Amino acid sequence: MNRLRRVPLLALAPVLALVALLAWAFASPIGAGPDDDYHLVSSWCAGPTAAETCAPVEGAERADHRIPRALAEISCFERQPEVSAACQDELFTGALMDQTVDTDRGNFYGEYPPLYYAVMGVFTSDDVQASALVMRVFTIVLFVALLTALYLLLPVERRPTLLIGWVVTTIPLGIFLLASNNPSAWATIGVGTSWIALLGYFESTGRRRIALGALYAIAMLMAAGSRGDAAVYAGFATALVLFYAFRPHRRYWLLVLLPLAMGIVALWFLLQAGQAGTATAGFTTPAGEGAGDGAEGPTRLAGIGLLAYNFLNVPSLWAGVLGTWGLGWLDTDMPSIVGFGAIGAFVAAGYLALRWMQPRVVILVGITVLVLWALPLFVLQQGGQSVGEMLQPRYLLPLVVLLGGLLALGAPECAWTRPRLYAVAASLVVAHSVALHANLHRYLTGIDAGSFNLNADIEWWWSVPFSPMIVWFVGSGAYAALLFLLAVKMPLAAKPLGPRSGVALL
Amino acid sequence: MLGIVARVWERLRVFVVSGRILILAPVLLLVTLVAWAFASPVGSSPDEDYHLASIWCATGDDAACVHEPGDSKATVPGALVDAACYAFHSERSGECQHELDFTGSPDTATDRGNFYGAYPPVFYSVLSVFVGPDIQLSVLLMRVFVSFVFVSIATALFLLLPPPRRSTLVWSWALTTVPLGLFVIASINPSAWAVAGVGFGWLALAGFLETRGARKIGLGVIFGLSVVMASGSRGDASMYMVLAIVATLILQAHRSRRFALDAILPAAGIILCLLMFRVSRPTEAITQGVDDSGFAFGRILPTMLDVPRLWMGIFGKGWGLGWLDTSMPSIVWLATLSCFLGAGVVAGFRSDLRKGIVLAGGLLVLLVFPTLVLVAAGQDVGDNLQPRYLLPLVVLFAGVLFWQPPGRVIRFGRVQRGLVIAALSVAQAVALFLQLARYVTGFDDLAPWLDGGVEWWWPVAPSPMTVWVLGSLAYAALLVLLLARPLAVADAVEAPVDEPVGAVRAS
């Protein structure tokens, strides 16, 4: 009975998550995500209107696709934080194909896997803004649905792991990307859910196992179908779980067949994307120079000096996920309370977890940290670049979400108490609210104007019947309510847990 | 032969296991601080030309400084004025000092010095004792002296405090002093005593209020000394000291005649601080003048939301060491900040009502005070207000975080302790290396071997690499000694009160 009474209240959680993410979807104009001009063009060129909106240009060598100018110049505010999104207004006057440009900036040469664009292409139409918004909403619904399904299907003691792992790694960059038109959204969702779905698949039985296996497969497809590097990450996460769940038993080897198959699928996507030739693929997007927190670096280093500099500064990329780098085209700086609050929440969760660490978890965490260090180092070294250039925190976001989850593997038993949950929730609620406000502010007026009241003197907004202040207020409130609800209802170990039974108790 | 080895081994084992090995801690701390003292040339701390002139002119000796009372200028040796020739240019090593005459007599007029009483006089007067004909030698002696005073007070406090308070002392300092704290504490910047005074004073007072006899007297003396150090070094430190005293009283106050009598000492401390505050002008010192544009209320919220940048600057993010030009890589600030936040959250939840009130008040002060100063001065975070001004408050805040109220013991698991030790050791080693490299070769010629291509170094001193290795190893060993296991027996036996069962089992 007691458990039944809880159901209705917790059922609010997906709704609140949906509302908070929708607020982010409305908090930035189309084209606000990094390289979103590229990604939107790629989506339109994979959609039903492609014959018209993405026609090949006969005889052209480089700029070989004719696309609407509205798509090509949609990020007119990029890297100019004082420029509001009002520069888009003239792009949306008249019919879509009235003005066209020839470009090769799109996924024409198979740099990215095709799945994300193929799915998003379904939503393309003559109305760029409406289509792109629907795409954002679709990704958000997919994310919330996946997490809800996972929560319901996972063994009870894995639920805190799922929630804590996601909550402490997604403010502010994660939540911005999840509600964006960027394939990084799918990359993050895919990697961040596939591993725990697979773990649940190993730890449960019957129909639950089948359902978790299906979720794992979906997540793997999302990761591998969106970015080349995410295919590698998802394969890595799968390998970690295979190690963690290993039992010298025939059943284990039977169960391994699914991840093995999905591993092959991921590999196929990677090869299809033509990125297998270099491990750096997926990082070398057509992005411009990123100037982040660590960018005050050397003028031009090489060799051992570059290696040392990058080695010592890679942590800046991790912190960038938590708000020390800008959002959007890296041009939306966060007030420092965002980074401080988000880093605080992540560190608190991780540090508490250290008191409960199975040797296998220590190994998983150690390997993931090593990869988080070595991979950017290798990629940067290959390109002769230093931290702050090219390689952005969002490329590491899927791995950071994975790390947050791995650290929370001991969540039900480690030293989480309600007050600690409330403290972490409070710091994230503040960080989230400030981040959402700063993000809205940057596009409404540019950072050179505007004030606390987001409705005042706005230069850009959607044609919708609600104001920016409402979006901020509702988004902040929904997120606060979500975290409060989760903190109140998080299953904690009130009594010693038995051995992992593999049977869900719901 | 084997017998001798076995006996020596056994003695060594007893030395370690009994905890007597802790006797090495002061030596290791001193070695670390002295390594920092040697790591940078004369003039390396922020505004050190000002502080050098102030110290030299505090001698009252015309051979060091010619200054008429009331005059806005003084004549000092030219090397004092130009010592920081590398300031703001991290690619420029200390080599530019080769042109300076460090044994010269007063020949250069300057208006940068404590000629109007912007700073309280105690710090300058004490250090002026070490002024001699050789400026480099004098400054090194001053740095070693300041380091020695810090180590002495820390050691005395450790010995005099009741055992459960020792871990408060150790953890609060360990988690707040890499990299900025170590640099400042071993410098001739008045901030050194501002930090030491506030960070030691409150704990000495806390111990004073809960001990008896000789211990009480000793702690009272340390408290008095701390008040003089803090209020005698910087005007703002007087106010911080008052806050520290109030915080301690909230933690310790109770209705009794004994407490009423004891309270005379902190009351006297407060009065002294207020008097010293009156004689200096700290706001100008911090903001270099208040803007006339008035108090812009609209700036309060944006400024406040950005104040954590100042907190993070203490851990090396955004603000460099020295003249803010020696920037630290992200491994340093992320490691130290993470240790502070991680251990701080664990410790902060071992609270009772009083500790909760002080922590909430502390957070409020750390947020509101810089906001008001900045808004009043018409400045943004990142302008003149530097993280080091907040360092005393952060050390105090960390101290209260690690305060153990009656019946609540702060416990850490082995992995948690290990991670803090490793992270802080690495961060300190990296910070010290870069601090040395910045002056020895400049950042334009960074190389892994500090002793190759030396452009600047002291005339007589162990080589830069030796200083780095000694400083890094000493600090790492110090952390292992102090943090690897619970310091007080009480820490080890008392069970935590409000942790879930799983945690107890796992620890």
# chains A, B, ... in the order shown; residues from 1 in each chain; ligands from 1
$ interface_residues --of "chain B" --to "chain A" --cutoff "6 Å" --atoms "only C-alpha atoms" --output "list in words"
Leu305, Asp306, Pro308, Arg309, Pro329, Ser330, Ile331, Ser338, Leu341, Gly342, Gly413, Gln416, Gly502, Ala503 and Ala506 of chain B
$ write_last_selection --atoms "all heavy atoms" --output "CSV table (one decimal), in the first residue's frame"
chain,number,residue,atom,x,y,z
B,305,LEU,N,26.1,37.0,-8.1
B,305,LEU,CA,26.1,35.7,-8.8
B,305,LEU,C,27.5,35.3,-9.4
B,305,LEU,O,27.8,34.2,-9.7
B,305,LEU,CB,25.1,35.7,-10.0
B,305,LEU,CG,23.6,35.8,-9.5
B,305,LEU,CD1,22.7,35.8,-10.7
B,305,LEU,CD2,23.2,34.7,-8.6
B,306,ASP,N,28.3,36.3,-9.5
B,306,ASP,CA,29.7,36.1,-10.0
B,306,ASP,C,30.8,36.0,-8.9
B,306,ASP,O,31.9,35.8,-9.2
B,306,ASP,CB,30.0,37.1,-11.0
B,306,ASP,CG,30.8,36.6,-12.2
B,306,ASP,OD1,30.8,35.3,-12.3
B,306,ASP,OD2,31.5,37.3,-12.9
B,308,PRO,N,31.4,33.8,-6.7
B,308,PRO,CA,32.2,32.6,-6.5
B,308,PRO,C,33.4,32.5,-7.3
B,308,PRO,O,34.3,31.7,-7.0
B,308,PRO,CB,31.2,31.5,-7.0
B,308,PRO,CG,29.8,32.1,-6.7
B,308,PRO,CD,30.0,33.5,-6.9
B,309,ARG,N,33.6,33.4,-8.4
B,309,ARG,CA,34.8,33.4,-9.1
B,309,ARG,C,36.0,33.8,-8.1
B,309,ARG,O,37.1,33.3,-8.3
B,309,ARG,CB,34.7,34.5,-10.2
B,309,ARG,CG,34.5,34.0,-11.5
B,309,ARG,CD,34.3,35.1,-12.5
B,309,ARG,NE,35.5,35.7,-12.9
B,309,ARG,CZ,35.6,36.9,-13.5
B,309,ARG,NH1,34.5,37.5,-13.8
B,309,ARG,NH2,36.8,37.4,-13.8
B,329,PRO,N,47.5,26.0,-14.0
B,329,PRO,CA,46.7,25.1,-14.9
B,329,PRO,C,45.5,24.6,-14.2
B,329,PRO,O,45.5,24.6,-13.0
B,329,PRO,CB,47.7,24.0,-15.3
B,329,PRO,CG,48.7,24.0,-14.2
B,329,PRO,CD,48.8,25.4,-13.6
B,330,SER,N,44.6,24.1,-15.0
B,330,SER,CA,43.3,23.7,-14.4
B,330,SER,C,43.5,22.5,-13.5
B,330,SER,O,42.6,22.3,-12.6
B,330,SER,CB,42.3,23.4,-15.5
B,330,SER,OG,42.7,22.5,-16.4
B,331,ILE,N,44.5,21.7,-13.6
B,331,ILE,CA,44.7,20.5,-12.7
B,331,ILE,C,44.8,21.0,-11.3
B,331,ILE,O,44.3,20.4,-10.4
B,331,ILE,CB,45.9,19.7,-13.1
B,331,ILE,CG1,45.9,18.4,-12.4
B,331,ILE,CG2,47.2,20.4,-13.0
B,331,ILE,CD1,47.0,17.4,-12.8
B,338,SER,N,38.1,20.7,-5.7
B,338,SER,CA,37.3,19.5,-5.4
B,338,SER,C,37.6,18.9,-4.0
B,338,SER,O,36.7,18.4,-3.4
B,338,SER,CB,37.7,18.4,-6.5
B,338,SER,OG,37.4,18.8,-7.7
B,341,LEU,N,35.6,21.1,-1.7
B,341,LEU,CA,34.1,20.9,-1.7
B,341,LEU,C,33.8,19.5,-1.2
B,341,LEU,O,32.8,19.3,-0.5
B,341,LEU,CB,33.7,21.1,-3.2
B,341,LEU,CG,33.7,22.6,-3.7
B,341,LEU,CD1,33.4,22.6,-5.1
B,341,LEU,CD2,32.7,23.4,-2.9
B,342,GLY,N,34.5,18.5,-1.7
B,342,GLY,CA,34.2,17.1,-1.3
B,342,GLY,C,34.3,16.9,0.2
B,342,GLY,O,33.3,16.5,0.8
B,413,GLY,N,36.7,8.1,5.0
B,413,GLY,CA,37.2,6.8,4.6
B,413,GLY,C,38.6,6.8,4.2
B,413,GLY,O,39.1,7.9,3.9
B,416,GLN,N,38.9,8.3,0.7
B,416,GLN,CA,38.6,9.7,0.7
B,416,GLN,C,39.9,10.5,1.2
B,416,GLN,O,40.3,11.4,0.6
B,416,GLN,CB,37.5,10.0,1.6
B,416,GLN,CG,36.1,9.6,1.1
B,416,GLN,CD,35.0,9.8,2.1
B,416,GLN,OE1,35.2,9.6,3.3
B,416,GLN,NE2,33.8,10.2,1.6
B,502,GLY,N,24.9,1.3,5.9
B,502,GLY,CA,25.8,0.9,4.9
B,502,GLY,C,27.2,1.6,5.0
B,502,GLY,O,28.2,1.1,4.8
B,503,ALA,N,27.1,2.9,5.3
B,503,ALA,CA,28.3,3.7,5.3
B,503,ALA,C,29.2,3.3,6.5
B,503,ALA,O,30.4,3.2,6.3
B,503,ALA,CB,27.9,5.2,5.5
B,506,ALA,N,30.9,0.2,5.5
B,506,ALA,CA,31.9,0.4,4.4
B,506,ALA,C,33.1,1.0,4.9
B,506,ALA,O,34.2,0.9,4.3
B,506,ALA,CB,31.3,1.2,3.2
$ select_by_dssp --residues "range 51-239 of chain B" --states "strand (DSSP E)" --output "compact mmCIF listing (two decimals) with C-alpha atoms, in the first residue's frame"
# COMPACT_ATOMS: atom_id res chain seq x y z
CA ALA B 74 60.03 58.88 0.53
CA THR B 75 63.46 58.13 -0.85
CA VAL B 76 64.41 54.46 -0.84
CA THR B 108 64.90 56.95 -5.60
CA ALA B 109 61.79 58.86 -4.64
CA THR B 110 58.51 56.97 -4.49
$ atom_distance --atom1 "CA of Gln272 in chain A" --atom2 "CA of Val119 in chain A"
16.8 Å
$ residues_around --residues "Pro464 in chain B" --least-positions-apart "2" --cutoff "10 Å" --atoms "only C-alpha atoms" --output "PyMOL selection string"
chain B and resi 35+38-39+433+436-437+440+449-452+454+456-458+461-462+466-470
$ select_by_dssp --residues "range 369-463 of chain B" --states "helix (DSSP H, G or I)" --output "PyMOL selection string"
chain B and resi 369-376+387-401+414-440+443-445
$ write_last_selection --atoms "C-alpha atoms" --output "JSON list (two decimals), in the first residue's frame"
[["chain", "number", "residue", "atom", "x", "y", "z"],
["B", 369, "PHE", "CA", 30.73, 41.42, 1.57],
["B", 370, "PRO", "CA", 32.58, 41.28, -1.78],
["B", 371, "THR", "CA", 29.35, 42.20, -3.55],
["B", 372, "LEU", "CA", 28.87, 45.36, -1.53],
["B", 373, "VAL", "CA", 32.50, 46.40, -1.78],
["B", 374, "LEU", "CA", 32.48, 45.93, -5.54],
["B", 375, "VAL", "CA", 29.12, 47.58, -6.16],
["B", 376, "ALA", "CA", 30.08, 50.52, -3.95],
["B", 387, "PRO", "CA", 40.85, 36.52, -3.97],
["B", 388, "ARG", "CA", 43.63, 36.93, -1.41],
["B", 389, "TYR", "CA", 41.56, 39.53, 0.42],
["B", 390, "LEU", "CA", 38.97, 36.83, 1.04],
["B", 391, "LEU", "CA", 41.49, 34.15, 1.94],
["B", 392, "PRO", "CA", 41.32, 34.77, 5.72],
["B", 393, "LEU", "CA", 37.55, 34.41, 5.60],
["B", 394, "VAL", "CA", 37.77, 31.22, 3.55],
["B", 395, "VAL", "CA", 40.28, 29.68, 5.97],
["B", 396, "LEU", "CA", 37.92, 30.63, 8.80],
["B", 397, "PHE", "CA", 34.94, 29.19, 6.95],
["B", 398, "ALA", "CA", 36.83, 25.95, 6.32],
["B", 399, "GLY", "CA", 37.69, 25.86, 10.01],
["B", 400, "VAL", "CA", 34.06, 26.07, 11.00],
["B", 401, "LEU", "CA", 33.20, 23.40, 8.40],
["B", 414, "ARG", "CA", 40.60, 5.61, 3.64],
["B", 415, "VAL", "CA", 39.99, 6.25, -0.05],
["B", 416, "GLN", "CA", 38.64, 9.71, 0.71],
["B", 417, "ARG", "CA", 41.73, 10.58, 2.72],
["B", 418, "GLY", "CA", 44.01, 9.07, 0.10],
["B", 419, "LEU", "CA", 42.44, 11.07, -2.67],
["B", 420, "VAL", "CA", 42.77, 14.35, -0.78],
["B", 421, "ILE", "CA", 46.42, 13.65, 0.01],
["B", 422, "ALA", "CA", 47.20, 12.69, -3.58],
["B", 423, "ALA", "CA", 45.29, 15.56, -5.16],
["B", 424, "LEU", "CA", 46.72, 18.24, -2.88],
["B", 425, "SER", "CA", 50.26, 16.89, -3.18],
["B", 426, "VAL", "CA", 50.12, 16.88, -6.95],
["B", 427, "ALA", "CA", 48.49, 20.31, -7.08],
["B", 428, "GLN", "CA", 51.10, 21.76, -4.74],
["B", 429, "ALA", "CA", 53.97, 20.22, -6.69],
["B", 430, "VAL", "CA", 52.63, 21.57, -9.99],
["B", 431, "ALA", "CA", 51.99, 25.00, -8.51],
["B", 432, "LEU", "CA", 55.46, 25.22, -6.95],
["B", 433, "PHE", "CA", 57.08, 24.06, -10.18],
["B", 434, "LEU", "CA", 55.32, 26.70, -12.25],
["B", 435, "GLN", "CA", 56.00, 29.37, -9.66],
["B", 436, "LEU", "CA", 59.71, 28.56, -9.87],
["B", 437, "ALA", "CA", 59.71, 28.22, -13.65],
["B", 438, "ARG", "CA", 57.94, 31.53, -14.10],
["B", 439, "TYR", "CA", 60.80, 33.39, -12.44],
["B", 440, "VAL", "CA", 63.75, 31.13, -13.24],
["B", 443, "PHE", "CA", 56.94, 31.09, -19.16],
["B", 444, "ASP", "CA", 58.40, 31.65, -22.61],
["B", 445, "ASP", "CA", 61.16, 29.15, -21.92]]
$ closest_residue --among "B:Ile185, B:Leu205, B:Leu24, B:Val34" --to "Arg165 in chain B" --atoms "only C-alpha atoms"
B:Leu205
$ residues_around --residues "Ala247 in chain B" --least-positions-apart "4" --cutoff "10 Å" --atoms "only C-alpha atoms" --output "list in words"
Trp202, Ala206, Met241, Val242, Leu243, Leu251, Gln252, Ala253, Arg354, Lys355, Ile357, Val358, Leu359, Gly361, Gly362, Leu396, Phe397 and Val400 of chain B
$ atom_distance --atom1 "CA of Gly200 in chain A" --atom2 "CA of Ile367 in chain A"
21.0 Å
$ atom_distance --atom1 "CA of Met262 in chain A" --atom2 "CA of Leu403 in chain A"
21.3 Å
$ residues_around --residues "Tyr443 in chain A" --least-positions-apart "4" --cutoff "10 Å" --atoms "only C-alpha atoms" --output "compact mmCIF listing (two decimals) with all heavy atoms, in the first residue's frame"
# COMPACT_ATOMS: atom_id res chain seq x y z
N ALA A 27 14.48 28.48 -24.69
CA ALA A 27 15.38 29.50 -24.14
C ALA A 27 16.43 29.97 -25.13
O ALA A 27 17.15 30.92 -24.87
CB ALA A 27 16.06 28.97 -22.89
N SER A 28 16.54 29.27 -26.25
CA SER A 28 17.52 29.73 -27.23
C SER A 28 16.94 29.60 -28.63
O SER A 28 16.16 28.67 -28.89
CB SER A 28 18.83 28.94 -27.10
OG SER A 28 18.57 27.57 -27.00
N PRO A 29 17.34 30.50 -29.51
CA PRO A 29 16.78 30.47 -30.86
C PRO A 29 17.32 29.28 -31.64
O PRO A 29 18.29 28.65 -31.23
CB PRO A 29 17.29 31.78 -31.46
CG PRO A 29 18.55 32.06 -30.73
CD PRO A 29 18.34 31.55 -29.34
N ALA A 32 21.26 27.98 -32.12
CA ALA A 32 22.05 28.38 -30.96
C ALA A 32 23.07 27.33 -30.56
O ALA A 32 24.07 27.64 -29.93
CB ALA A 32 21.15 28.70 -29.78
N PHE A 77 24.24 35.08 -34.92
CA PHE A 77 24.71 35.70 -33.67
C PHE A 77 25.93 35.00 -33.10
O PHE A 77 26.45 35.40 -32.07
CB PHE A 77 23.58 35.64 -32.63
CG PHE A 77 22.88 34.32 -32.65
CD1 PHE A 77 23.47 33.18 -32.13
CD2 PHE A 77 21.63 34.20 -33.26
CE1 PHE A 77 22.83 31.96 -32.19
CE2 PHE A 77 20.98 32.97 -33.32
CZ PHE A 77 21.59 31.84 -32.78
N PRO A 81 28.47 37.57 -28.31
CA PRO A 81 27.49 37.52 -27.22
C PRO A 81 26.66 38.79 -27.06
O PRO A 81 25.59 38.76 -26.47
CB PRO A 81 28.35 37.28 -25.97
CG PRO A 81 29.75 37.57 -26.38
CD PRO A 81 29.84 37.35 -27.84
N GLU A 82 27.15 39.88 -27.63
CA GLU A 82 26.37 41.12 -27.49
C GLU A 82 25.30 41.22 -28.58
O GLU A 82 24.45 42.11 -28.53
CB GLU A 82 27.28 42.34 -27.49
CG GLU A 82 28.01 42.64 -28.78
CD GLU A 82 29.14 41.66 -29.10
OE1 GLU A 82 29.55 40.88 -28.18
OE2 GLU A 82 29.60 41.66 -30.23
N VAL A 83 25.34 40.32 -29.56
CA VAL A 83 24.35 40.34 -30.64
C VAL A 83 23.19 39.42 -30.27
O VAL A 83 23.40 38.23 -30.02
CB VAL A 83 24.98 39.87 -31.98
CG1 VAL A 83 23.92 39.76 -33.06
CG2 VAL A 83 26.09 40.82 -32.39
N SER A 84 21.98 39.97 -30.25
CA SER A 84 20.82 39.14 -29.92
C SER A 84 20.41 38.32 -31.13
O SER A 84 20.99 38.44 -32.20
CB SER A 84 19.66 40.03 -29.49
OG SER A 84 19.09 40.63 -30.63
N ALA A 85 19.39 37.47 -30.92
CA ALA A 85 18.94 36.63 -32.03
C ALA A 85 18.04 37.39 -32.99
O ALA A 85 17.49 36.81 -33.94
CB ALA A 85 18.23 35.40 -31.48
N ALA A 86 17.89 38.71 -32.78
CA ALA A 86 17.04 39.50 -33.68
C ALA A 86 17.59 39.51 -35.10
O ALA A 86 16.85 39.75 -36.06
CB ALA A 86 16.92 40.92 -33.16
N THR A 332 28.13 32.04 -24.59
CA THR A 332 27.20 32.40 -23.52
C THR A 332 27.85 32.08 -22.17
O THR A 332 27.69 31.00 -21.63
CB THR A 332 25.88 31.61 -23.67
OG1 THR A 332 25.45 31.70 -25.02
CG2 THR A 332 24.83 32.17 -22.74
N ALA A 438 20.73 33.32 -17.69
CA ALA A 438 21.84 33.86 -18.48
C ALA A 438 21.69 33.48 -19.95
O ALA A 438 21.98 34.27 -20.85
CB ALA A 438 23.17 33.34 -17.93
N ASN A 439 21.22 32.27 -20.19
CA ASN A 439 21.06 31.81 -21.56
C ASN A 439 19.96 32.61 -22.28
O ASN A 439 20.16 33.06 -23.41
CB ASN A 439 20.72 30.32 -21.56
CG ASN A 439 20.90 29.70 -22.92
OD1 ASN A 439 22.01 29.62 -23.43
ND2 ASN A 439 19.79 29.31 -23.55
N ILE A 447 24.31 40.43 -24.43
CA ILE A 447 24.74 40.72 -23.06
C ILE A 447 25.03 42.20 -22.85
O ILE A 447 25.27 42.64 -21.74
CB ILE A 447 25.98 39.90 -22.65
CG1 ILE A 447 27.14 40.16 -23.62
CG2 ILE A 447 25.68 38.44 -22.59
CD1 ILE A 447 28.46 39.69 -23.07
N ILE A 458 13.14 43.49 -25.07
CA ILE A 458 13.63 42.33 -25.80
C ILE A 458 13.73 42.64 -27.29
O ILE A 458 12.93 43.37 -27.86
CB ILE A 458 12.76 41.08 -25.57
CG1 ILE A 458 11.29 41.37 -25.87
CG2 ILE A 458 12.93 40.55 -24.18
CD1 ILE A 458 10.42 40.14 -25.74
N GLU A 459 14.76 42.06 -27.89
CA GLU A 459 14.99 42.26 -29.32
C GLU A 459 14.52 41.05 -30.13
O GLU A 459 14.26 41.14 -31.31
CB GLU A 459 16.48 42.52 -29.57
CG GLU A 459 16.97 43.79 -28.87
CD GLU A 459 18.49 43.87 -28.81
OE1 GLU A 459 19.17 43.19 -29.62
OE2 GLU A 459 19.00 44.61 -27.94
N TRP A 460 14.47 39.90 -29.47
CA TRP A 460 14.07 38.67 -30.16
C TRP A 460 13.19 37.83 -29.25
O TRP A 460 13.41 37.78 -28.05
CB TRP A 460 15.31 37.83 -30.53
CG TRP A 460 14.95 36.39 -30.80
CD1 TRP A 460 14.52 35.89 -31.98
CD2 TRP A 460 14.96 35.29 -29.88
NE1 TRP A 460 14.25 34.54 -31.84
CE2 TRP A 460 14.52 34.15 -30.57
CE3 TRP A 460 15.30 35.17 -28.52
CZ2 TRP A 460 14.40 32.90 -29.97
CZ3 TRP A 460 15.18 33.92 -27.92
CH2 TRP A 460 14.74 32.80 -28.64
N TRP A 461 12.17 37.23 -29.82
CA TRP A 461 11.42 36.19 -29.08
C TRP A 461 10.57 35.40 -30.07
O TRP A 461 10.34 35.85 -31.20
CB TRP A 461 10.55 36.81 -27.98
CG TRP A 461 9.91 35.78 -27.05
CD1 TRP A 461 8.58 35.65 -26.76
CD2 TRP A 461 10.57 34.77 -26.28
NE1 TRP A 461 8.37 34.63 -25.88
CE2 TRP A 461 9.59 34.05 -25.57
CE3 TRP A 461 11.91 34.36 -26.14
CZ2 TRP A 461 9.87 32.98 -24.73
CZ3 TRP A 461 12.20 33.29 -25.30
CH2 TRP A 461 11.20 32.62 -24.60
$ residues_around --residues "Ala55 in chain A" --least-positions-apart "2" --cutoff "12 Å" --atoms "only C-alpha atoms" --output "ChimeraX atom specification"
/A:41,44-47,49-53,57-58,60,63-68,97,100-104,108
$ closest_residue --among "B:Lys317, B:Val151, B:Pro302, B:Gly378" --to "His437 in chain A" --atoms "only C-alpha atoms"
B:Pro302
$ residues_around --residues "Phe223 in chain B" --least-positions-apart "4" --cutoff "7 Å" --atoms "only C-alpha atoms" --output "mmCIF file with N, CA, C and O atoms, in the first residue's frame"
data_model
loop_
_atom_site.group_PDB
_atom_site.id
_atom_site.type_symbol
_atom_site.label_atom_id
_atom_site.label_comp_id
_atom_site.auth_asym_id
_atom_site.auth_seq_id
_atom_site.Cartn_x
_atom_site.Cartn_y
_atom_site.Cartn_z
ATOM 1 N N GLY B 201 43.592 32.562 15.045
ATOM 2 C CA GLY B 201 43.026 33.256 16.195
ATOM 3 C C GLY B 201 41.728 32.646 16.693
ATOM 4 O O GLY B 201 41.562 32.415 17.894
ATOM 5 N N ALA B 204 42.345 29.361 18.448
ATOM 6 C CA ALA B 204 42.988 29.565 19.750
ATOM 7 C C ALA B 204 41.946 30.018 20.769
ATOM 8 O O ALA B 204 41.922 29.544 21.914
ATOM 9 N N LEU B 205 41.063 30.899 20.337
ATOM 10 C CA LEU B 205 40.015 31.377 21.242
ATOM 11 C C LEU B 205 39.073 30.234 21.616
ATOM 12 O O LEU B 205 38.705 30.080 22.791
ATOM 13 N N LEU B 219 46.823 29.200 25.120
ATOM 14 C CA LEU B 219 45.910 29.478 24.014
ATOM 15 C C LEU B 219 45.477 30.939 24.009
ATOM 16 O O LEU B 219 45.317 31.552 22.952
ATOM 17 N N VAL B 227 45.407 38.226 17.185
ATOM 18 C CA VAL B 227 44.662 39.470 17.005
ATOM 19 C C VAL B 227 45.613 40.587 16.586
ATOM 20 O O VAL B 227 45.316 41.363 15.663
#
